[in-house]
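**Student:** Next up is a structure, given as C-alpha cells.
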Amino acid sequence: MTTNAEFPKSGASGAKSTSSRATSGSAKPAPSKSTPAKPAAKKPAAKKPVAKKPAVKTPEAQAPAAQAPAAPSPAAQSPAKPEAKKPAPQPTQATQAPSEPTPPGFTGDVATPEPAPFAPVGRIPIVNVQPVIQNGAWPAKGTEHEAFPVTATVFREGHDQFGAAAVLLDPEGNEVQESIMYDSHPGLDIYKGWLTPTYPGNWRFFVRSWSDPLETWFHDSKLKLDANVDVELVFLEGTKLFERAMGNMPEGSDEHDVLDDAIQVMSRKRVSKNLRFAAATSDEVHAALAKYPLRDSVTESARYPVAVDREKALVGSWYEIFPRTVGSYYDKAAKKWVSGTFETAAQDLDRIAEMGFDVIYLTPVHPIGETNRKGRNNTLNPKPEDPGSPYAIGSAEGGHDSIHPDLGTFDDFDKFVARAKELGMEVALDIALQASPDHPWVKEHPEWFTTRADGTIAFAENPPKKYEDIYPLNFDNDPEGIYQEIKRVLEVWVSHGVTLFRIDNPHTKALPFWHRLLAYFRVNHPDVIFLSEAFTKPSMLQTLGAIGFHQSYNYFAWRNEKKEIEEYLVELAHESDSRVRPAFWPTTHDILTPYMQRGGVPAFAIRAVLAATGSPTWGIYNGYELVENVARPGAEEQIDNEKYQYKDRDYSAGDALGIANLLGKLNYIRSQHLALRRLRNVTINPTNNDNILCFTKVTKPEESPDGSVDMVIVAINLNPFEAHSATLELDLSAFGTSPRWDGAPAIEVNDLLSGATFHWNDRPYVSLDPQGQVAHILSVKVL
C-alpha cells in the first residue's frame with residue numbers, strides 16, 4: 001500500500017507499506033476520535049478538467065530506483081523518443097491531455113506485500129472484522145446514502161455482559177455514526193451493525209467493544225432476587241453503578257434526574273424488592289443509559305477503509321446504442337448505406353428518456369480499420385459497403401482519441417452530450433483497449449504489441465476463434481508508456497463530458513494497470529464511473545471490482561432457474577457486495593441466451609422485471625423493445641449483428657408487443673421506490689412452486705432523506721410458456737410486524753404494475769400468467 005497523488009490513503013491502522021519502494025511517505029494511523037457527530041454536508045471540491053496539450057511519449061519508461069523514496073521527475077522517468085513530426089490533428093481528433101510522473105508503487109515492478117504488524121489481542125476481543133479486503137490494504141465499496149453491514153466476532157472470558165458497536169469515520173477522521181451491533185448468529189458471537197456514509201470520499205470504520213457492568217448487574221441481580229440471595233447487596237451494587245453512570249450525565253439533565261430517582265427507590269429497604277428492581281429497570285432508565293452508557297475495558301479494532309462513491313456508481317438505468325445505426329438508412333439510388341451521426345442519435349434521445357433511462361451508453365465511436373475488416377455476421381469477406389466492427393479501432397483518421405468521420409466532429413459529440421444532460425441522462429462510452437492493424441499506435445509504438453516468431457504482430461485469438469482485425473495490447477512490453485497513453489485518452493473524453501466508461505474485456509488486461517489507472521481517476525476524477533465487462537471467472541470478476549471498478553457485468557443472463565437466481569441474488573447482496581456492484585443486462589450486443597431465443601415476448605418481459613428489481617443498476621440493449629431474438633446459427637448472439645452492419649429499426653412496430661411500455665413502467669417504479677435502488681437489502685421468500693420466485697427489499701431509515709422506510713415485494717413467474725400459482729412464505733418481521741394469530745391480514749400491498757390492491761398475511765397466494773401479468777411488484781403498508 002502506497003500513498004501518493006494517484007492512490008487514495010487507506011488501510012488498517014498501523015499497517016505497513018506493501019511496497020518496499022514506499023518506505024517513506026506512508027500513511028500514519030489516524031488517532032481514534034470520539035467527537036460528536038456533525039453534519040456531513042461538506043463535499044470535496046470538484047477538480048477542474050486537466051488542460052489539454054501534447055503528451056510526452058514514453059516508449060522506454062524507467063521505474064524509480066528501489067532505494068529512492070520520492071517519485072522521480074517526469075523527465076527522468078519518461079524520456080522523449082526522437083521521431084518525425086506528426087501531421088496536424090484531423091477535425092475529428094482531440095488534442096492530448098498532459099501526463100504526470102509515475103508514483104511509487106505503480107511502476108510495474110514486482111513488489112512484495114507485507115502482512116499487518118503484530119497487534120496484541122484486545123481486552124474484549126474483536127476478530128474477523130468485515131468488510132475488509134486484503135487486510136485493509138484495499139478499500140471496501142460504499143455508496144453515498146447506502147447502508148453497509150459491519151460484522152465482527154466479539155466475545156470475552158467468563159459470564160459478564162459486553163457490547164459492541166460499528167463506528168463510522170468521515171474523510172476528515174471525525175466519528176459521525178455509532179451503530180450498536182446485535183448478535184446475528186446466536187452461539188457464534190458474530191455481531192452485526194449498519195453504517196451509512198453520506199457523501200463520496202475515503203471513509204473508514206472500526207468496531208468498538210466494551211465490558212457492560214450495568215447489563216451484567218441487570219442480568220445477575222434478577223437471578224439473585226428471584227432466589228432471594230444477597231438482596232441488599234444487590235441494590236447497593238446497583239446504586240454504586242448508577243452513581244458512576246450519573247457521572248457521565250450533565251447535572252440537571254433529564255437522564256441525570258431519572259437515575260437519581262431510581263437510586264432513591266432502590267435505597268428504600270421497606271419497599272418490596274420487586275418494586276425496587278422495577279424502578280432500576282424502567283424504560284426511562286434504559287433510555288437514559290442508552291444515551292449516556294457506562295462502559296469499561298473499551299477496546300477498538302483497526303481502522304478499515306471504505307471508498308464511498310456517488311450514487312450513480314450503484315444506481316442506474318442504462319440504454320445501449322450503436323450511434324452509427326441510429327438514423328442510418330439505405331440509399332437505393334446510390335445502392336449503399338448512409339451512416340447515422342451524433343446529430344441523428346441525439347434526435348432519438350427523447351424516445352429513450354421517455355422510457356426513464358438515465359445513462360445513454362455508446363459503443364466505440366472511433367475510426368475503424370480497413371485491414372482484415374469483418375463483414376456481416378463476422379465473416380472474413382466484407383463487401384465494400386460493410387462498415388466493419390467499431391471494436392477494430394484505428395485508421396488513418398486516428399485512434400482512440402478520434403471520432404469516426406461518418407459520425408461527425410467533437411463539436412457534434414459535445415452537442416449530443418449536452419442534449420443528453422438536458423434530458424437527465426449521462427453519457428457512457430465503450431472503451432476497448434485494442435487496435436486494428438491500421439491504428440496509429442501500430443506504427444508509432446510497435447513495442448506495445450506482441451511480435452510472433454515470424455516477425456508479424458499477433459492478432460487477438462481465443463482458440464479456435466480468431467480476430468484478425470484486432471491487435472491486443474501487450475501490457476508487459478512498455479507498461480509505463482501504455483498507462484500514460486490510455487490515461488491521456490480517457491481524460492480527453494472526460495473533458496468532453498463523458499462521465500462513465502464501459503470497459504470492454506478488462507479481464508484480458510494486466511491488473512496492475514487497472515489498479516493504478518482506477519486509483520488515479522478516483523483522486524483526480526472522482527465522479528467518473530467504470531463498468532467492467534468481465535464475463536470471466538469469479539476470482540477475476542471480483543478482484544477487478546476490489547481494485548477499483550465501480551460496477552460489473554456478471555452471470556445474471558445465464559441464471560434462469562429459481563434456485564440459482566435465489567442463490568445469486570443472495571451472493572451479490574450479502575457475500576460479494578463489498579467488492580462488486582452488479583449491473584443486470586438481459587441481453588447485450590454479444591449475448592442472446594437460449595432462454596431469450598425461445599421464450600418470445602414473455603421471456604423479454606420476465607427478464608426485464610427481474611433485472612430492474614434485482615439490481616440497482618440494469619441495462620437494455622437497443623432493439624429490446626422489438627424482441628430481437630433470432631440468433632446466428634451456433635452462437636448466443638443475434639443474427640445480422642449490429643457490430644458488423646447497419647440496422648434500420650422501426651420502433652412503432654414494437655408498440656403492440658408492450659415491452660417499451662413495460663420498460664418505462666419499471667424505470668418509473670424504480671424512481672419512486674428507494675428499496676429497488678439498493679443492493680444489500682434482499683430477503684428471499686420461499687414459495688411452493690419452482691417457477692415462482694419471490695423476494696423482499698426493505699430500506700433502512702437512515703438511507704432516506706426523511707427517515708422513512710420503503711418496502712417492496714417482488715413475485716415473478718420464471719416460466720415464459722405457462723401460467724403458475726404459488727403460496728408465498730413471507731417473513732413479516734422484515735416489515736416490522738408479525739403474522740396475525742387468526743389469519744387476518746397484516747399488510748396491505750399495492751401492485752405497482754397493475755394498480756391492484758391486496759390484503760395479505762404471511763402466506764398469500766399468487767397466480768401469474770406470462771401471456772398476461774408475469775409479475776407483481778408490490779409496495780407494502782403495515783396494517
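Going through the C-alpha cells in order, the chains are called A, B, and so on, while each chain numbers its residues from 1 and the ligands are numbered from 1 in the order shown.
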Env of Asn681 of chain A: 7 Å cut, atoms = only C-alpha atoms, seq-sep filter 5 positions within chain, self excluded. Answer as a CSV table (one decimal) with N, CA and C atoms, in the first residue's frame.
**Tutor:**
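Output below, filename around-v9.csv:
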chain,number,residue,atom,x,y,z
A,573,ALA,N,-25.9,-9.6,-2.9
A,573,ALA,CA,-26.4,-8.7,-1.9
A,573,ALA,C,-25.6,-8.8,-0.6
A,697,LYS,N,-37.4,-6.4,-0.6
A,697,LYS,CA,-36.3,-5.4,-0.4
A,697,LYS,C,-36.9,-4.3,0.5
A,698,VAL,N,-36.1,-4.0,1.6
A,698,VAL,CA,-36.5,-3.0,2.6
A,698,VAL,C,-35.3,-2.1,2.9
A,699,THR,N,-35.6,-0.8,2.9
A,699,THR,CA,-34.5,0.1,3.2
A,699,THR,C,-34.4,0.4,4.7
**Student:** If we count only C-alpha atoms, what is near Asp527 of chain A at a cut-off of 10 Å, once residues fewer than 3 positions away on the same chain are taken out, given as a compact mmCIF listing (two decimals) with N, CA, C and O atoms, in the first residue's frame?
**Tutor:**
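As a result, selection31.txt now contains:
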# COMPACT_ATOMS: atom_id res chain seq x y z
N ALA A 46 -14.88 19.77 -6.47
CA ALA A 46 -14.64 19.08 -7.75
C ALA A 46 -13.37 19.61 -8.38
O ALA A 46 -13.07 20.80 -8.35
N LYS A 47 -12.57 18.70 -8.96
CA LYS A 47 -11.35 19.12 -9.62
C LYS A 47 -11.64 19.62 -11.03
O LYS A 47 -12.53 19.13 -11.71
N PRO A 200 -19.50 11.22 -1.10
CA PRO A 200 -18.34 10.49 -1.63
C PRO A 200 -17.04 10.89 -0.95
O PRO A 200 -16.87 12.03 -0.50
N ASP A 309 -18.61 6.17 -3.15
CA ASP A 309 -18.82 6.79 -4.45
C ASP A 309 -20.17 7.49 -4.52
O ASP A 309 -21.05 7.26 -3.68
N ARG A 310 -20.33 8.30 -5.55
CA ARG A 310 -21.63 8.93 -5.78
C ARG A 310 -22.66 7.85 -6.14
O ARG A 310 -22.30 6.73 -6.54
N GLU A 311 -23.93 8.18 -6.02
CA GLU A 311 -24.97 7.17 -6.14
C GLU A 311 -24.99 6.49 -7.50
O GLU A 311 -25.37 5.32 -7.62
N LYS A 312 -24.57 7.19 -8.55
CA LYS A 312 -24.61 6.60 -9.89
C LYS A 312 -23.70 5.37 -9.99
O LYS A 312 -23.91 4.52 -10.87
N ALA A 313 -22.73 5.24 -9.10
CA ALA A 313 -21.88 4.05 -9.09
C ALA A 313 -22.68 2.81 -8.70
O ALA A 313 -22.29 1.69 -9.03
N THR A 499 -18.94 10.73 -18.45
CA THR A 499 -18.82 10.52 -17.00
C THR A 499 -18.82 9.05 -16.62
O THR A 499 -18.66 8.72 -15.44
N LEU A 500 -19.03 8.16 -17.61
CA LEU A 500 -18.99 6.73 -17.34
C LEU A 500 -18.27 6.03 -18.49
O LEU A 500 -18.43 6.41 -19.66
N PHE A 521 -7.92 7.92 -11.28
CA PHE A 521 -9.21 8.55 -11.56
C PHE A 521 -10.02 8.78 -10.30
O PHE A 521 -10.76 9.77 -10.19
N ARG A 522 -9.88 7.91 -9.31
CA ARG A 522 -10.61 8.12 -8.06
C ARG A 522 -10.19 9.42 -7.40
O ARG A 522 -11.02 10.13 -6.80
N VAL A 523 -8.92 9.79 -7.53
CA VAL A 523 -8.44 11.02 -6.92
C VAL A 523 -8.70 12.23 -7.80
O VAL A 523 -9.17 13.27 -7.34
N ASN A 524 -8.42 12.10 -9.09
CA ASN A 524 -8.46 13.26 -9.98
C ASN A 524 -9.79 13.46 -10.71
O ASN A 524 -10.09 14.58 -11.14
N PHE A 530 -16.54 3.50 -13.76
CA PHE A 530 -16.06 2.47 -14.67
C PHE A 530 -16.89 1.20 -14.50
O PHE A 530 -16.98 0.65 -13.39
**Student:** Please list as number ranges by chain every residue within 10 Å of segment 604-611 of chain A, counting only C-alpha atoms and excluding residues in the same chain fewer than 4 positions away.
**Tutor:** A: 556-557, 560, 565, 583-587, 595-597, 599-600, 615-620, 624-629, 657-660, 662-663, 665-666, 693, 714-720, 770-771, 773-777
**Student:** Output N, CA and C atoms for every residue in that selection, as a short mmCIF file (atom, residue, chain, number, x, y, z; two decimals), in the first residue's frame.
**Tutor:**
data_model
loop_
_atom_site.label_atom_id
_atom_site.label_comp_id
_atom_site.auth_asym_id
_atom_site.auth_seq_id
_atom_site.Cartn_x
_atom_site.Cartn_y
_atom_site.Cartn_z
N PHE A 556 -25.77 -12.88 -14.55
CA PHE A 556 -27.22 -12.77 -14.50
C PHE A 556 -27.90 -13.38 -15.73
N ALA A 557 -27.37 -13.11 -16.92
CA ALA A 557 -28.02 -13.55 -18.15
C ALA A 557 -28.18 -15.06 -18.21
N ASN A 560 -31.28 -18.75 -14.80
CA ASN A 560 -32.68 -18.82 -15.23
C ASN A 560 -33.58 -19.60 -14.29
N ILE A 565 -31.17 -18.41 -9.25
CA ILE A 565 -31.42 -16.97 -9.15
C ILE A 565 -31.43 -16.55 -7.68
N ALA A 583 -24.40 -5.10 -12.43
CA ALA A 583 -25.26 -4.47 -13.44
C ALA A 583 -25.93 -5.61 -14.19
N PHE A 584 -27.26 -5.66 -14.14
CA PHE A 584 -28.02 -6.75 -14.77
C PHE A 584 -28.44 -6.35 -16.18
N TRP A 585 -28.02 -7.14 -17.17
CA TRP A 585 -28.39 -6.93 -18.57
C TRP A 585 -29.05 -8.20 -19.09
N PRO A 586 -30.32 -8.17 -19.49
CA PRO A 586 -30.95 -9.37 -20.05
C PRO A 586 -30.30 -9.82 -21.35
N THR A 587 -29.92 -8.86 -22.19
CA THR A 587 -29.20 -9.15 -23.44
C THR A 587 -28.15 -8.05 -23.62
N TYR A 595 -32.60 -18.99 -23.47
CA TYR A 595 -33.87 -18.60 -22.82
C TYR A 595 -34.52 -17.46 -23.59
N MET A 596 -33.73 -16.47 -24.00
CA MET A 596 -34.27 -15.31 -24.72
C MET A 596 -34.61 -15.68 -26.16
N GLN A 597 -33.88 -16.60 -26.75
CA GLN A 597 -34.15 -17.01 -28.12
C GLN A 597 -35.48 -17.73 -28.23
N GLY A 599 -38.09 -17.95 -25.65
CA GLY A 599 -39.19 -17.58 -24.77
C GLY A 599 -40.14 -16.54 -25.30
N GLY A 600 -39.84 -15.93 -26.45
CA GLY A 600 -40.74 -14.95 -27.04
C GLY A 600 -40.89 -13.70 -26.19
N SER A 615 -31.41 -5.72 -9.29
CA SER A 615 -30.14 -4.99 -9.21
C SER A 615 -30.39 -3.49 -9.28
N PRO A 616 -29.67 -2.70 -8.48
CA PRO A 616 -29.83 -1.24 -8.57
C PRO A 616 -29.45 -0.67 -9.93
N THR A 617 -28.49 -1.32 -10.61
CA THR A 617 -28.14 -0.91 -11.96
C THR A 617 -28.57 -2.00 -12.94
N TRP A 618 -29.27 -1.58 -13.98
CA TRP A 618 -29.65 -2.52 -15.03
C TRP A 618 -29.50 -1.85 -16.37
N GLY A 619 -29.48 -2.65 -17.43
CA GLY A 619 -29.29 -2.07 -18.75
C GLY A 619 -30.04 -2.81 -19.82
N ILE A 620 -30.38 -2.08 -20.89
CA ILE A 620 -31.12 -2.62 -22.02
C ILE A 620 -30.35 -2.28 -23.30
N TYR A 624 -34.33 -4.10 -27.79
CA TYR A 624 -35.02 -4.99 -26.84
C TYR A 624 -36.52 -4.80 -26.95
N GLU A 625 -36.94 -3.56 -27.20
CA GLU A 625 -38.37 -3.26 -27.33
C GLU A 625 -39.03 -4.02 -28.46
N LEU A 626 -38.22 -4.42 -29.45
CA LEU A 626 -38.74 -5.12 -30.63
C LEU A 626 -38.61 -6.63 -30.51
N VAL A 627 -38.14 -7.09 -29.35
CA VAL A 627 -37.96 -8.54 -29.09
C VAL A 627 -37.11 -9.16 -30.20
N GLU A 628 -35.92 -8.60 -30.40
CA GLU A 628 -34.99 -9.15 -31.39
C GLU A 628 -34.35 -10.41 -30.79
N ASN A 629 -34.85 -11.57 -31.18
CA ASN A 629 -34.45 -12.81 -30.52
C ASN A 629 -33.99 -13.91 -31.47
N LEU A 657 -46.24 -5.06 -28.87
CA LEU A 657 -45.57 -6.03 -28.00
C LEU A 657 -45.61 -5.62 -26.53
N GLY A 658 -45.66 -4.33 -26.28
CA GLY A 658 -45.78 -3.83 -24.91
C GLY A 658 -44.50 -3.75 -24.13
N ILE A 659 -43.36 -4.12 -24.73
CA ILE A 659 -42.11 -4.12 -23.97
C ILE A 659 -41.63 -2.70 -23.67
N ALA A 660 -41.75 -1.79 -24.64
CA ALA A 660 -41.33 -0.41 -24.39
C ALA A 660 -42.13 0.20 -23.25
N LEU A 662 -43.49 -1.46 -20.80
CA LEU A 662 -43.03 -2.12 -19.57
C LEU A 662 -41.73 -1.50 -19.09
N LEU A 663 -40.79 -1.24 -19.99
CA LEU A 663 -39.52 -0.64 -19.60
C LEU A 663 -39.75 0.72 -18.93
N LYS A 665 -42.49 1.68 -17.35
CA LYS A 665 -43.09 1.44 -16.04
C LYS A 665 -42.04 1.03 -15.02
N LEU A 666 -41.14 0.14 -15.43
CA LEU A 666 -40.12 -0.34 -14.50
C LEU A 666 -39.21 0.79 -14.03
N LEU A 693 -40.67 -17.14 -8.25
CA LEU A 693 -39.61 -16.54 -7.42
C LEU A 693 -40.20 -15.38 -6.65
N VAL A 714 -41.41 -8.55 -4.53
CA VAL A 714 -41.44 -8.92 -5.95
C VAL A 714 -41.76 -10.41 -6.04
N ALA A 715 -42.78 -10.75 -6.83
CA ALA A 715 -43.11 -12.14 -7.13
C ALA A 715 -43.19 -12.27 -8.65
N ILE A 716 -42.53 -13.29 -9.21
CA ILE A 716 -42.42 -13.36 -10.67
C ILE A 716 -42.49 -14.82 -11.13
N ASN A 717 -43.19 -15.02 -12.22
CA ASN A 717 -43.25 -16.33 -12.87
C ASN A 717 -42.07 -16.45 -13.83
N LEU A 718 -41.18 -17.40 -13.59
CA LEU A 718 -39.98 -17.56 -14.39
C LEU A 718 -40.22 -18.36 -15.67
N ASN A 719 -41.38 -18.96 -15.82
CA ASN A 719 -41.68 -19.80 -16.97
C ASN A 719 -42.37 -18.96 -18.05
N PRO A 720 -41.72 -18.76 -19.20
CA PRO A 720 -42.34 -17.91 -20.24
C PRO A 720 -43.43 -18.60 -21.04
N PRO A 770 -47.68 -15.70 -18.03
CA PRO A 770 -46.75 -15.00 -18.92
C PRO A 770 -47.44 -14.31 -20.09
N GLN A 771 -48.66 -14.74 -20.41
CA GLN A 771 -49.39 -14.08 -21.50
C GLN A 771 -50.19 -12.88 -21.01
N GLN A 773 -50.05 -11.03 -16.91
CA GLN A 773 -49.17 -10.37 -15.95
C GLN A 773 -48.15 -11.39 -15.45
N VAL A 774 -46.88 -11.12 -15.76
CA VAL A 774 -45.83 -12.08 -15.42
C VAL A 774 -45.33 -11.89 -13.99
N ALA A 775 -45.63 -10.74 -13.37
CA ALA A 775 -45.04 -10.45 -12.06
C ALA A 775 -45.91 -9.50 -11.26
N HIS A 776 -45.72 -9.53 -9.95
CA HIS A 776 -46.20 -8.50 -9.04
C HIS A 776 -44.99 -7.73 -8.53
N ILE A 777 -45.06 -6.41 -8.58
CA ILE A 777 -44.11 -5.56 -7.86
C ILE A 777 -44.96 -4.77 -6.87
#
**Student:** Could you give me, as a ChimeraX atom specification, each residue of segment 451-635 of chain A that DSSP assigns to alpha helix (DSSP H) when run on this structure's backbone?
**Tutor:** /A:479-494,511-524,538-546,562-574,594-598,600-614
**Student:** Please run DSSP on the backbone and report, as a PyMOL selection string, all residues within segment 354-445 of chain A that come out as strand (DSSP E or B).
**Tutor:** chain A and resi 359-362+368+393+395+398+402+426-431+434-435
**Student:** As a count of residues only, please: the residues near segment 362-377 of chain A (cut-off 8 Å, only C-alpha atoms, same-chain neighbours under 5 positions excluded).
**Tutor:** 44
